[in-house]
$ cat my_file_17.txt   # compact mmCIF, C-alpha atoms and all ligand atoms
# COMPACT_ATOMS: atom_id res chain seq x y z
CA MET F 1 0.87 -20.20 -37.98
CA ALA F 2 -1.29 -22.95 -36.49
CA ALA F 3 -1.89 -24.52 -39.92
CA THR F 4 1.83 -24.72 -40.69
CA ARG F 5 2.99 -25.37 -37.11
CA ARG F 6 5.59 -22.62 -37.56
CA VAL F 7 6.43 -19.80 -35.17
CA ARG F 8 5.67 -16.17 -36.01
CA SER F 9 9.30 -15.30 -36.97
CA GLN F 10 9.35 -18.14 -39.55
CA VAL F 11 6.07 -16.91 -41.02
CA LEU F 12 7.40 -13.33 -41.21
CA VAL F 13 10.60 -14.27 -43.05
CA GLY F 14 8.66 -16.54 -45.43
CA PHE F 15 8.76 -20.31 -46.13
CA ASP F 16 7.59 -22.83 -48.72
CA VAL F 17 3.98 -23.88 -48.12
CA THR F 18 3.64 -27.64 -48.60
CA PRO F 19 0.50 -29.29 -50.02
CA GLY F 20 -0.06 -30.68 -46.49
CA ASP F 21 0.05 -27.15 -45.01
CA GLN F 22 -2.46 -26.01 -47.64
CA ASP F 23 -4.82 -28.92 -46.86
CA THR F 24 -4.64 -28.15 -43.13
CA PHE F 25 -5.31 -24.47 -43.78
CA ASP F 26 -8.29 -25.28 -46.04
CA ALA F 27 -9.72 -27.58 -43.35
CA PHE F 28 -9.31 -24.80 -40.76
CA VAL F 29 -11.14 -22.36 -43.03
CA ALA F 30 -14.00 -24.85 -43.54
CA ARG F 31 -14.35 -25.28 -39.76
CA ARG F 32 -14.35 -21.52 -39.21
CA ARG F 33 -16.95 -21.04 -41.96
CA ALA F 34 -19.11 -23.46 -39.96
CA HIS F 35 -18.67 -21.00 -37.02
CA GLU F 36 -16.38 -23.13 -34.88
CA PRO F 37 -14.45 -20.73 -32.58
CA LEU F 38 -10.98 -19.91 -33.93
CA GLN F 39 -9.42 -20.83 -30.58
CA TYR F 40 -10.76 -24.42 -30.84
CA ILE F 41 -9.39 -24.66 -34.38
CA GLU F 42 -5.96 -23.33 -33.43
CA GLY F 43 -6.14 -25.33 -30.19
CA SER F 44 -4.74 -22.75 -27.81
CA ILE F 45 -5.12 -19.27 -26.38
CA PRO F 46 -2.88 -17.09 -24.19
CA PHE F 47 -4.32 -15.97 -20.83
CA ALA F 48 -2.28 -13.60 -18.66
CA THR F 49 1.16 -15.25 -18.53
CA VAL F 50 0.03 -18.80 -19.39
CA GLU F 51 -0.79 -20.62 -22.63
CA LEU F 52 -3.95 -22.76 -22.55
CA HIS F 53 -5.06 -25.66 -24.71
CA VAL F 54 -8.79 -25.29 -25.45
CA ASP F 55 -11.28 -27.52 -27.23
CA ASP F 56 -15.03 -28.07 -27.12
CA ARG F 57 -14.87 -29.50 -23.57
CA VAL F 58 -14.27 -26.00 -22.17
CA LEU F 59 -15.38 -22.40 -22.61
CA VAL F 60 -12.97 -20.22 -24.60
CA PRO F 61 -11.58 -17.79 -21.97
CA ARG F 62 -12.77 -14.25 -22.70
CA PRO F 63 -10.92 -10.90 -22.46
CA GLU F 64 -13.47 -9.87 -19.79
CA THR F 65 -12.22 -12.74 -17.61
CA GLU F 66 -8.61 -11.68 -18.14
CA PHE F 67 -9.71 -8.22 -16.93
CA LEU F 68 -11.22 -9.87 -13.82
CA PHE F 69 -7.89 -11.64 -13.32
CA SER F 70 -5.88 -8.40 -13.51
CA GLN F 71 -8.22 -6.62 -11.09
CA VAL F 72 -7.94 -9.50 -8.61
CA VAL F 73 -4.13 -9.57 -8.82
CA ALA F 74 -4.03 -5.82 -8.11
CA MET F 75 -6.48 -6.19 -5.21
CA VAL F 76 -5.01 -9.01 -3.10
CA ASP F 77 -1.69 -9.21 -1.31
CA GLY F 78 0.02 -12.60 -1.39
CA PRO F 79 -2.97 -14.90 -0.78
CA GLY F 80 -1.92 -18.22 0.80
CA VAL F 81 -4.96 -20.27 -0.29
CA ILE F 82 -6.86 -19.67 -3.53
CA VAL F 83 -9.97 -21.45 -4.83
CA ASP F 84 -11.26 -21.25 -8.43
CA LEU F 85 -14.79 -22.67 -8.37
CA CYS F 86 -15.74 -23.02 -12.06
CA THR F 87 -12.34 -23.57 -13.55
CA GLY F 88 -13.10 -24.69 -17.13
CA SER F 89 -9.75 -24.58 -18.99
CA GLY F 90 -8.13 -23.58 -15.69
CA ASN F 91 -7.44 -20.04 -16.89
CA LEU F 92 -8.01 -18.22 -13.58
CA ALA F 93 -6.42 -20.94 -11.45
CA LEU F 94 -3.32 -21.14 -13.64
CA GLY F 95 -2.99 -17.37 -14.00
CA LEU F 96 -3.25 -16.94 -10.23
CA GLN F 97 -0.79 -19.75 -9.46
CA ALA F 98 1.69 -18.12 -11.88
CA ALA F 99 1.12 -14.71 -10.23
CA PHE F 100 1.29 -16.01 -6.63
CA ARG F 101 3.90 -18.78 -6.70
CA ASP F 102 3.69 -19.47 -2.95
CA ALA F 103 -0.10 -19.88 -2.89
CA ARG F 104 -1.84 -23.25 -2.68
CA VAL F 105 -4.38 -23.22 -5.52
CA TYR F 106 -7.47 -25.47 -5.64
CA ALA F 107 -9.72 -25.63 -8.71
CA VAL F 108 -13.15 -27.24 -9.13
CA ASP F 109 -15.43 -28.00 -12.07
CA LEU F 110 -18.59 -30.06 -12.33
CA SER F 111 -17.40 -31.36 -15.70
CA SER F 112 -14.74 -34.09 -15.53
CA ASP F 113 -13.92 -33.29 -19.18
CA ALA F 114 -13.13 -29.69 -18.22
CA VAL F 115 -10.96 -30.84 -15.32
CA ASP F 116 -9.03 -33.12 -17.72
CA VAL F 117 -8.31 -30.09 -19.93
CA ALA F 118 -7.37 -27.87 -16.96
CA ARG F 119 -5.10 -30.54 -15.47
CA GLY F 120 -3.30 -30.90 -18.82
CA ASN F 121 -2.90 -27.12 -18.97
CA ALA F 122 -1.40 -27.00 -15.49
CA GLU F 123 1.10 -29.73 -16.41
CA HIS F 124 1.97 -27.99 -19.69
CA ASN F 125 2.63 -24.71 -17.84
CA ASP F 126 4.50 -26.52 -15.06
CA LEU F 127 2.09 -25.26 -12.38
CA ASN F 128 1.02 -27.16 -9.29
CA ILE F 129 -2.76 -26.97 -8.79
CA GLN F 130 -5.08 -29.41 -7.05
CA PHE F 131 -8.13 -30.19 -9.19
CA PHE F 132 -11.48 -31.59 -8.10
CA VAL F 133 -14.57 -32.72 -10.02
CA GLY F 134 -17.80 -31.73 -8.29
CA ASP F 135 -20.37 -29.11 -7.41
CA LEU F 136 -18.85 -25.78 -6.27
CA PHE F 137 -17.34 -26.18 -2.75
CA GLU F 138 -18.57 -29.76 -2.23
CA PRO F 139 -15.37 -31.66 -3.31
CA LEU F 140 -12.89 -29.36 -1.51
CA PRO F 141 -10.90 -30.70 1.46
CA HIS F 142 -12.72 -30.01 4.71
CA GLU F 143 -9.68 -28.31 6.27
CA LEU F 144 -10.04 -25.41 3.83
CA ARG F 145 -13.21 -24.26 5.60
CA GLY F 146 -12.57 -20.80 7.04
CA ALA F 147 -9.06 -20.77 5.53
CA VAL F 148 -9.46 -19.53 1.94
CA ASP F 149 -7.89 -16.10 1.24
CA LEU F 150 -9.28 -15.71 -2.27
CA ILE F 151 -12.24 -17.27 -4.07
CA VAL F 152 -12.65 -16.57 -7.78
CA ALA F 153 -15.38 -17.82 -10.10
CA ASN F 154 -16.63 -17.26 -13.59
CA PRO F 155 -19.81 -19.30 -13.19
CA PRO F 156 -22.40 -20.02 -15.89
CA TYR F 157 -24.85 -17.11 -15.85
CA LEU F 158 -27.25 -17.43 -18.77
CA ALA F 159 -30.93 -18.23 -18.38
CA GLU F 160 -32.14 -21.32 -20.29
CA ARG F 161 -34.23 -19.19 -22.66
CA GLU F 162 -31.14 -17.15 -23.69
CA LEU F 163 -29.47 -20.24 -25.21
CA ALA F 164 -31.56 -20.08 -28.40
CA ASP F 165 -30.45 -16.49 -29.13
CA LEU F 166 -26.70 -17.04 -28.81
CA PRO F 167 -24.42 -16.39 -31.79
CA PRO F 168 -23.54 -19.60 -33.67
CA ASP F 169 -19.92 -19.60 -32.41
CA VAL F 170 -21.03 -19.77 -28.78
CA ARG F 171 -23.21 -22.84 -29.44
CA PHE F 172 -20.00 -24.86 -29.95
CA GLU F 173 -19.19 -24.30 -26.26
CA PRO F 174 -20.46 -26.65 -23.51
CA GLU F 175 -24.01 -25.82 -22.38
CA MET F 176 -22.94 -26.52 -18.79
CA ALA F 177 -20.45 -23.64 -19.06
CA LEU F 178 -23.12 -21.21 -20.22
CA VAL F 179 -26.50 -21.94 -18.68
CA ALA F 180 -27.14 -21.66 -14.94
CA GLY F 181 -30.87 -22.50 -14.89
CA PRO F 182 -34.26 -20.94 -15.61
CA VAL F 183 -33.22 -17.49 -14.28
CA GLY F 184 -29.44 -17.35 -14.86
CA ASP F 185 -28.28 -16.34 -11.36
CA GLU F 186 -28.66 -19.81 -9.80
CA VAL F 187 -24.95 -20.73 -9.58
CA LEU F 188 -23.93 -17.23 -8.42
CA THR F 189 -26.60 -17.36 -5.69
CA ARG F 190 -25.32 -20.73 -4.46
CA ILE F 191 -21.71 -19.45 -4.43
CA ALA F 192 -22.76 -16.44 -2.29
CA ALA F 193 -24.71 -18.67 0.09
CA GLN F 194 -21.74 -20.98 0.74
CA ALA F 195 -18.65 -18.76 0.41
CA ASP F 196 -18.54 -17.36 3.95
CA ALA F 197 -18.09 -20.85 5.40
CA TRP F 198 -14.89 -21.21 3.33
CA LEU F 199 -13.41 -17.70 3.35
CA ALA F 200 -10.86 -16.78 5.99
CA PRO F 201 -11.67 -13.59 7.94
CA GLY F 202 -10.86 -10.74 5.52
CA GLY F 203 -10.82 -13.21 2.59
CA VAL F 204 -11.82 -11.85 -0.81
CA ILE F 205 -14.37 -13.18 -3.30
CA ALA F 206 -14.48 -12.06 -6.93
CA CYS F 207 -16.94 -13.33 -9.55
CA GLU F 208 -17.74 -12.56 -13.15
CA ILE F 209 -21.46 -11.87 -13.68
CA SER F 210 -23.92 -11.29 -16.49
CA GLU F 211 -24.19 -7.66 -17.58
CA PHE F 212 -27.89 -7.92 -16.63
CA HIS F 213 -27.28 -9.13 -13.06
CA GLY F 214 -25.49 -6.12 -11.51
CA SER F 215 -28.17 -5.07 -9.05
CA ARG F 216 -29.14 -8.68 -8.29
CA ALA F 217 -25.47 -9.60 -7.64
CA ALA F 218 -25.04 -6.60 -5.29
CA GLU F 219 -28.05 -7.89 -3.33
CA ILE F 220 -26.87 -11.54 -3.29
CA PHE F 221 -23.38 -10.45 -2.13
CA SER F 222 -24.56 -7.75 0.30
CA ARG F 223 -23.19 -9.65 3.31
CA TYR F 224 -19.71 -9.46 1.67
CA GLY F 225 -20.04 -5.74 0.89
CA GLY F 226 -20.95 -6.67 -2.74
CA ALA F 227 -19.29 -4.03 -4.96
CA ILE F 228 -20.18 -4.18 -8.65
CA SER F 229 -17.63 -3.12 -11.22
CA GLN F 230 -17.64 -2.69 -14.97
CA ASP F 231 -15.73 -4.14 -17.88
CA LEU F 232 -13.84 -1.98 -20.37
CA SER F 233 -17.09 -1.26 -22.24
CA GLY F 234 -18.80 -0.01 -19.09
CA ARG F 235 -21.09 -3.01 -18.51
CA ASP F 236 -21.66 -4.38 -15.00
CA ARG F 237 -19.58 -7.57 -15.20
CA TYR F 238 -18.01 -8.28 -11.80
CA VAL F 239 -18.93 -8.55 -8.15
CA PHE F 240 -16.24 -8.20 -5.47
CA GLY F 241 -16.64 -8.73 -1.75
CA SER F 242 -14.93 -9.92 1.38
CA ARG F 243 -15.72 -11.72 4.59
CA GLY F 244 -15.69 -9.39 7.58
CA MET F 245 -12.86 -9.61 10.13
CA GLU F 246 -14.15 -11.23 13.34
C1 LIG J 301 -18.44 -19.77 -17.73
S1 LIG J 301 -17.48 -21.25 -17.64
C2 LIG J 301 -15.96 -20.55 -17.02
C3 LIG J 301 -14.76 -21.36 -17.34
C4 LIG J 301 -13.42 -20.64 -17.08
N1 LIG J 301 -13.21 -20.38 -15.66
C5 LIG J 301 -13.33 -19.34 -17.87
O1 LIG J 301 -13.28 -18.27 -17.24
O2 LIG J 301 -13.26 -19.39 -19.10
C6 LIG J 301 -18.22 -22.02 -16.23
C7 LIG J 301 -17.61 -23.36 -15.80
O3 LIG J 301 -18.30 -23.78 -14.62
C8 LIG J 301 -18.55 -25.16 -14.67
N2 LIG J 301 -19.70 -25.43 -13.79
C9 LIG J 301 -21.03 -25.29 -14.06
N3 LIG J 301 -21.76 -25.58 -12.97
C10 LIG J 301 -20.87 -25.88 -11.98
C11 LIG J 301 -21.01 -26.27 -10.61
N4 LIG J 301 -22.22 -26.38 -10.04
N5 LIG J 301 -19.89 -26.51 -9.90
C12 LIG J 301 -18.65 -26.40 -10.47
N6 LIG J 301 -18.46 -26.04 -11.76
C13 LIG J 301 -19.56 -25.78 -12.50
C14 LIG J 301 -18.75 -25.46 -16.15
O4 LIG J 301 -18.51 -26.81 -16.44
C15 LIG J 301 -17.75 -24.50 -16.80
O5 LIG J 301 -16.50 -25.12 -17.00

$ encode --input "my_file_17.txt" --output "structure tokens"
Amino acid sequence: MAATRRVRSQVLVGFDVTPGDQDTFDAFVARRRAHEPLQYIEGSIPFATVELHVDDRVLVPRPETEFLFSQVVAMVDGPGVIVDLCTGSGNLALGLQAAFRDARVYAVDLSSDAVDVARGNAEHNDLNIQFFVGDLFEPLPHELRGAVDLIVANPPYLAERELADLPPDVRFEPEMALVAGPVGDEVLTRIAAQADAWLAPGGVIACEISEFHGSRAAEIFSRYGGAISQDLSGRDRYVFGSRGME
């Protein structure tokens, strides 16, 4: 479908393949044989109710992150202010803005390239999100301190030494989206250290984590009640918590 720029129904009823279509398809196959992720080749991926453009400036959103999204939507009740800290393609921010139309959604990424992609995705989906380039909470407006109802993040969580063992497809993705530092929990630890200054009383925080960081994440998030939950294959992949009511 992507190679011919035709919709599924046209493909199903059949059409004449032009030499140009064939050339595009052959080029796609060559890129895939070189292990480029299919989503970069096709240029887009659905996430919850939105359609996202993706290329090598951003991580390809994973089904595990869509599962985080659905758990968060089921957990919170009409959040007024939402922050997505490591937005990448904007998947979580856009999905949440589409789910909670009245919320004010703020999204941050250290990569200005990623923010360019996310901003384009928000425009394409006709969603109103405020984007910032910077380190975690640092670029957010000061008045959001103590006022955020929901913080979500899918931060980088690999250790530097894990990079060499990644499958070839993953090496097409930005290193900044994958590697957190020598240990792997560096970004998660910094999020936990800063989140309570930004959460409203009773505000919820939900992060995706490495399957190897469950017990460490429970410890880092203990002041938020740090509950670890599993993905559909039973691996520890999420930490949920909340700021106490004062
Ligand atoms: C694992 S990717 C997640 C992207 C997207 N939210 C998703 O679920 O597919 C992590 C993202 O965090 C960004 N990032 C890394 N360090 C950061 C930091 N200190 N502050 C903000 N964003 C950061 C990366 O550029 C990358 O886009």

$ residues_around --input "my_file_17.txt" --residues "Ala159 in chain F" --least-positions-apart "2" --cutoff "6 Å" --atoms "all atoms listed in the file" --output "ChimeraX atom specification"
/F:161-162,179,181-184

$ residues_around --input "my_file_17.txt" --residues "Thr87 in chain F" --least-positions-apart "5" --cutoff "8 Å" --atoms "all atoms listed in the file" --output "PyMOL selection string"
chain F and resi 92-93+107-109+114-115+118+153-154

$ closest_residue --input "my_file_17.txt" --among "F:Val76, F:Leu178, F:Ala218, F:Ala27" --to "ligand LIG 301 (chain J)" --atoms "all atoms listed in the file"
F:Leu178

$ closest_residue --input "my_file_17.txt" --among "F:Gly90, F:Gly241, F:Pro63, F:Gly95" --to "Phe132 in chain F" --atoms "only C-alpha atoms"
F:Gly90

$ closest_residue --input "my_file_17.txt" --among "F:Asp26, F:Asp55, F:Glu143, F:Glu211" --to "Gly88 in chain F" --atoms "all atoms listed in the file"
F:Asp55

$ residues_near_point --input "my_file_17.txt" --point "(-0.9, -23.7, -43.0)" --cutoff "7 Å" --atoms "all atoms listed in the file" --output "list in words"
Met1, Ala2, Ala3, Thr4, Asp21, Gln22, Thr24 and Phe25 of chain F

$ residues_near_point --input "my_file_17.txt" --point "(-10.3, -20.7, 8.8)" --cutoff "9 Å" --atoms "all atoms listed in the file" --output "mmCIF file with C-alpha atoms, in the frame of the given file"
data_model
loop_
_atom_site.group_PDB
_atom_site.id
_atom_site.type_symbol
_atom_site.label_atom_id
_atom_site.label_comp_id
_atom_site.auth_asym_id
_atom_site.auth_seq_id
_atom_site.Cartn_x
_atom_site.Cartn_y
_atom_site.Cartn_z
ATOM 1 C CA GLU F 143 -9.680 -28.310 6.270
ATOM 2 C CA LEU F 144 -10.040 -25.410 3.830
ATOM 3 C CA ARG F 145 -13.210 -24.260 5.600
ATOM 4 C CA GLY F 146 -12.570 -20.800 7.040
ATOM 5 C CA ALA F 147 -9.060 -20.770 5.530
ATOM 6 C CA VAL F 148 -9.460 -19.530 1.940
ATOM 7 C CA ALA F 197 -18.090 -20.850 5.400
ATOM 8 C CA TRP F 198 -14.890 -21.210 3.330
ATOM 9 C CA LEU F 199 -13.410 -17.700 3.350
ATOM 10 C CA ALA F 200 -10.860 -16.780 5.990
ATOM 11 C CA PRO F 201 -11.670 -13.590 7.940
#

$ residues_near_ligand --input "my_file_17.txt" --ligand "ligand LIG 301 (chain J)" --cutoff "9 Å" --atoms "only C-alpha atoms and all ligand atoms" --output "ChimeraX atom specification"
/F:57-62,64-66,84-93,108-115,133-138,152-157,174-180,187,190-191,208

$ atom_distance --input "my_file_17.txt" --atom1 "CA of Ile209 in chain F" --atom2 "CA of Ile228 in chain F"
9.3 Å

$ atom_distance --input "my_file_17.txt" --atom1 "CA of Phe221 in chain F" --atom2 "CA of Gln71 in chain F"
18.0 Å

$ atom_distance --input "my_file_17.txt" --atom1 "CA of Val73 in chain F" --atom2 "CA of Val54 in chain F"
23.4 Å

$ closest_atom_pairs --input "my_file_17.txt" --of "range 156-204 of chain F" --to "range 32-42 of chain F" --cutoff "8 Å" --atoms "all atoms listed in the file" --output "JSON lines"
{"residue": "F:Pro168", "atom": "CA", "partner": "F:His35", "partner_atom": "CA", "distance": 6.1}
{"residue": "F:Asp169", "atom": "CA", "partner": "F:His35", "partner_atom": "CA", "distance": 5.0}
{"residue": "F:Val170", "atom": "CA", "partner": "F:Pro37", "partner_atom": "CA", "distance": 7.7}
{"residue": "F:Phe172", "atom": "CA", "partner": "F:Glu36", "partner_atom": "CA", "distance": 6.4}

$ closest_residue --input "my_file_17.txt" --among "F:Leu150, F:Leu68, F:Val11, F:Val117" --to "Gly43 in chain F" --atoms "only C-alpha atoms"
F:Val117

$ residues_around --input "my_file_17.txt" --residues "Arg243 in chain F" --least-positions-apart "4" --cutoff "7 Å" --atoms "only C-alpha atoms" --output "list in words"
Asp196, Leu199, Pro201, Gly202, Gly203, Val204 and Tyr224 of chain F

$ closest_residue --input "my_file_17.txt" --among "F:Ser215, F:Gln97, F:Gln10, F:Thr49" --to "Ala227 in chain F" --atoms "all atoms listed in the file"
F:Ser215

$ residues_around --input "my_file_17.txt" --residues "Arg119 in chain F" --least-positions-apart "3" --cutoff "8 Å" --atoms "all atoms listed in the file" --output "list in words"
Gly90, Val115, Asp116, Ala122, Glu123, Ile129 and Phe131 of chain F

$ write_last_selection --input "my_file_17.txt" --atoms "C-alpha atoms" --output "PDB file, in the frame of the given file"
ATOM      1  CA  GLY F  90      -8.130 -23.580 -15.690  1.00  0.00           C
ATOM      2  CA  VAL F 115     -10.960 -30.840 -15.320  1.00  0.00           C
ATOM      3  CA  ASP F 116      -9.030 -33.120 -17.720  1.00  0.00           C
ATOM      4  CA  ALA F 122      -1.400 -27.000 -15.490  1.00  0.00           C
ATOM      5  CA  GLU F 123       1.100 -29.730 -16.410  1.00  0.00           C
ATOM      6  CA  ILE F 129      -2.760 -26.970  -8.790  1.00  0.00           C
ATOM      7  CA  PHE F 131      -8.130 -30.190  -9.190  1.00  0.00           C
TER       8      PHE F 131
END

$ closest_residue --input "my_file_17.txt" --among "F:Val105, F:Asp165, F:Cys207, F:Asp56" --to "Gln230 in chain F" --atoms "all atoms listed in the file"
F:Cys207

$ decode --input "my_file_17.txt" --residues "range 172-182 of chain F" --atoms "all heavy atoms" --output "PDB file, in the first residue's frame"
ATOM      1  N   PHE F 172      19.063   1.487  13.790  1.00  0.00           N
ATOM      2  CA  PHE F 172      18.647   2.610  12.938  1.00  0.00           C
ATOM      3  C   PHE F 172      18.034   3.724  13.782  1.00  0.00           C
ATOM      4  O   PHE F 172      17.867   4.838  13.303  1.00  0.00           O
ATOM      5  CB  PHE F 172      17.608   2.148  11.912  1.00  0.00           C
ATOM      6  CG  PHE F 172      18.203   1.495  10.698  1.00  0.00           C
ATOM      7  CD1 PHE F 172      18.597   0.172  10.730  1.00  0.00           C
ATOM      8  CD2 PHE F 172      18.383   2.219   9.523  1.00  0.00           C
ATOM      9  CE1 PHE F 172      19.144  -0.434   9.617  1.00  0.00           C
ATOM     10  CE2 PHE F 172      18.931   1.622   8.398  1.00  0.00           C
ATOM     11  CZ  PHE F 172      19.317   0.290   8.442  1.00  0.00           C
ATOM     12  N   GLU F 173      17.635   3.398  15.018  1.00  0.00           N
ATOM     13  CA  GLU F 173      16.924   4.381  15.841  1.00  0.00           C
ATOM     14  C   GLU F 173      17.935   5.267  16.593  1.00  0.00           C
ATOM     15  O   GLU F 173      19.080   4.864  16.811  1.00  0.00           O
ATOM     16  CB  GLU F 173      15.978   3.645  16.804  1.00  0.00           C
ATOM     17  CG  GLU F 173      14.911   2.869  16.025  1.00  0.00           C
ATOM     18  CD  GLU F 173      13.928   2.113  16.906  1.00  0.00           C
ATOM     19  OE1 GLU F 173      14.318   1.074  17.478  1.00  0.00           O
ATOM     20  OE2 GLU F 173      12.785   2.560  17.008  1.00  0.00           O
ATOM     21  N   PRO F 174      17.519   6.485  16.984  1.00  0.00           N
ATOM     22  CA  PRO F 174      18.480   7.422  17.593  1.00  0.00           C
ATOM     23  C   PRO F 174      19.050   6.866  18.907  1.00  0.00           C
ATOM     24  O   PRO F 174      18.292   6.412  19.763  1.00  0.00           O
ATOM     25  CB  PRO F 174      17.653   8.679  17.877  1.00  0.00           C
ATOM     26  CG  PRO F 174      16.363   8.509  17.174  1.00  0.00           C
ATOM     27  CD  PRO F 174      16.169   7.068  16.876  1.00  0.00           C
ATOM     28  N   GLU F 175      20.356   6.952  19.060  1.00  0.00           N
ATOM     29  CA  GLU F 175      21.000   6.446  20.289  1.00  0.00           C
ATOM     30  C   GLU F 175      20.441   7.168  21.515  1.00  0.00           C
ATOM     31  O   GLU F 175      20.258   6.568  22.582  1.00  0.00           O
ATOM     32  CB  GLU F 175      22.521   6.633  20.173  1.00  0.00           C
ATOM     33  CG  GLU F 175      23.286   5.951  21.266  1.00  0.00           C
ATOM     34  CD  GLU F 175      24.793   6.002  21.054  1.00  0.00           C
ATOM     35  OE1 GLU F 175      25.246   5.955  19.892  1.00  0.00           O
ATOM     36  OE2 GLU F 175      25.514   6.111  22.070  1.00  0.00           O
ATOM     37  N   MET F 176      20.139   8.453  21.342  1.00  0.00           N
ATOM     38  CA  MET F 176      19.617   9.244  22.476  1.00  0.00           C
ATOM     39  C   MET F 176      18.266   8.714  22.970  1.00  0.00           C
ATOM     40  O   MET F 176      17.869   8.931  24.112  1.00  0.00           O
ATOM     41  CB  MET F 176      19.434  10.708  22.029  1.00  0.00           C
ATOM     42  CG  MET F 176      19.286  11.698  23.158  1.00  0.00           C
ATOM     43  SD  MET F 176      18.597  13.273  22.601  1.00  0.00           S
ATOM     44  CE  MET F 176      19.929  13.923  21.640  1.00  0.00           C
ATOM     45  N   ALA F 177      17.541   8.015  22.087  1.00  0.00           N
ATOM     46  CA  ALA F 177      16.242   7.458  22.475  1.00  0.00           C
ATOM     47  C   ALA F 177      16.400   6.136  23.213  1.00  0.00           C
ATOM     48  O   ALA F 177      15.455   5.670  23.850  1.00  0.00           O
ATOM     49  CB  ALA F 177      15.373   7.252  21.234  1.00  0.00           C
ATOM     50  N   LEU F 178      17.580   5.542  23.117  1.00  0.00           N
ATOM     51  CA  LEU F 178      17.772   4.188  23.638  1.00  0.00           C
ATOM     52  C   LEU F 178      18.605   4.159  24.908  1.00  0.00           C
ATOM     53  O   LEU F 178      18.264   3.477  25.875  1.00  0.00           O
ATOM     54  CB  LEU F 178      18.458   3.326  22.572  1.00  0.00           C
ATOM     55  CG  LEU F 178      17.704   3.179  21.237  1.00  0.00           C
ATOM     56  CD1 LEU F 178      18.614   2.608  20.162  1.00  0.00           C
ATOM     57  CD2 LEU F 178      16.479   2.301  21.420  1.00  0.00           C
ATOM     58  N   VAL F 179      19.724   4.876  24.884  1.00  0.00           N
ATOM     59  CA  VAL F 179      20.731   4.720  25.940  1.00  0.00           C
ATOM     60  C   VAL F 179      20.602   5.830  26.975  1.00  0.00           C
ATOM     61  O   VAL F 179      20.587   7.017  26.637  1.00  0.00           O
ATOM     62  CB  VAL F 179      22.152   4.730  25.316  1.00  0.00           C
ATOM     63  CG1 VAL F 179      23.207   4.659  26.402  1.00  0.00           C
ATOM     64  CG2 VAL F 179      22.299   3.572  24.351  1.00  0.00           C
ATOM     65  N   ALA F 180      20.532   5.400  28.259  1.00  0.00           N
ATOM     66  CA  ALA F 180      20.398   6.373  29.350  1.00  0.00           C
ATOM     67  C   ALA F 180      21.740   6.747  29.965  1.00  0.00           C
ATOM     68  O   ALA F 180      21.885   7.825  30.534  1.00  0.00           O
ATOM     69  CB  ALA F 180      19.484   5.812  30.429  1.00  0.00           C
ATOM     70  N   GLY F 181      22.723   5.831  29.900  1.00  0.00           N
ATOM     71  CA  GLY F 181      24.013   6.084  30.536  1.00  0.00           C
ATOM     72  C   GLY F 181      24.686   4.768  30.850  1.00  0.00           C
ATOM     73  O   GLY F 181      24.258   3.714  30.367  1.00  0.00           O
ATOM     74  N   PRO F 182      25.716   4.789  31.684  1.00  0.00           N
ATOM     75  CA  PRO F 182      26.460   3.559  31.975  1.00  0.00           C
ATOM     76  C   PRO F 182      25.595   2.463  32.599  1.00  0.00           C
ATOM     77  O   PRO F 182      25.793   1.287  32.339  1.00  0.00           O
ATOM     78  CB  PRO F 182      27.545   4.019  32.968  1.00  0.00           C
ATOM     79  CG  PRO F 182      27.674   5.481  32.751  1.00  0.00           C
ATOM     80  CD  PRO F 182      26.328   5.975  32.298  1.00  0.00           C
TER      81      PRO F 182
END
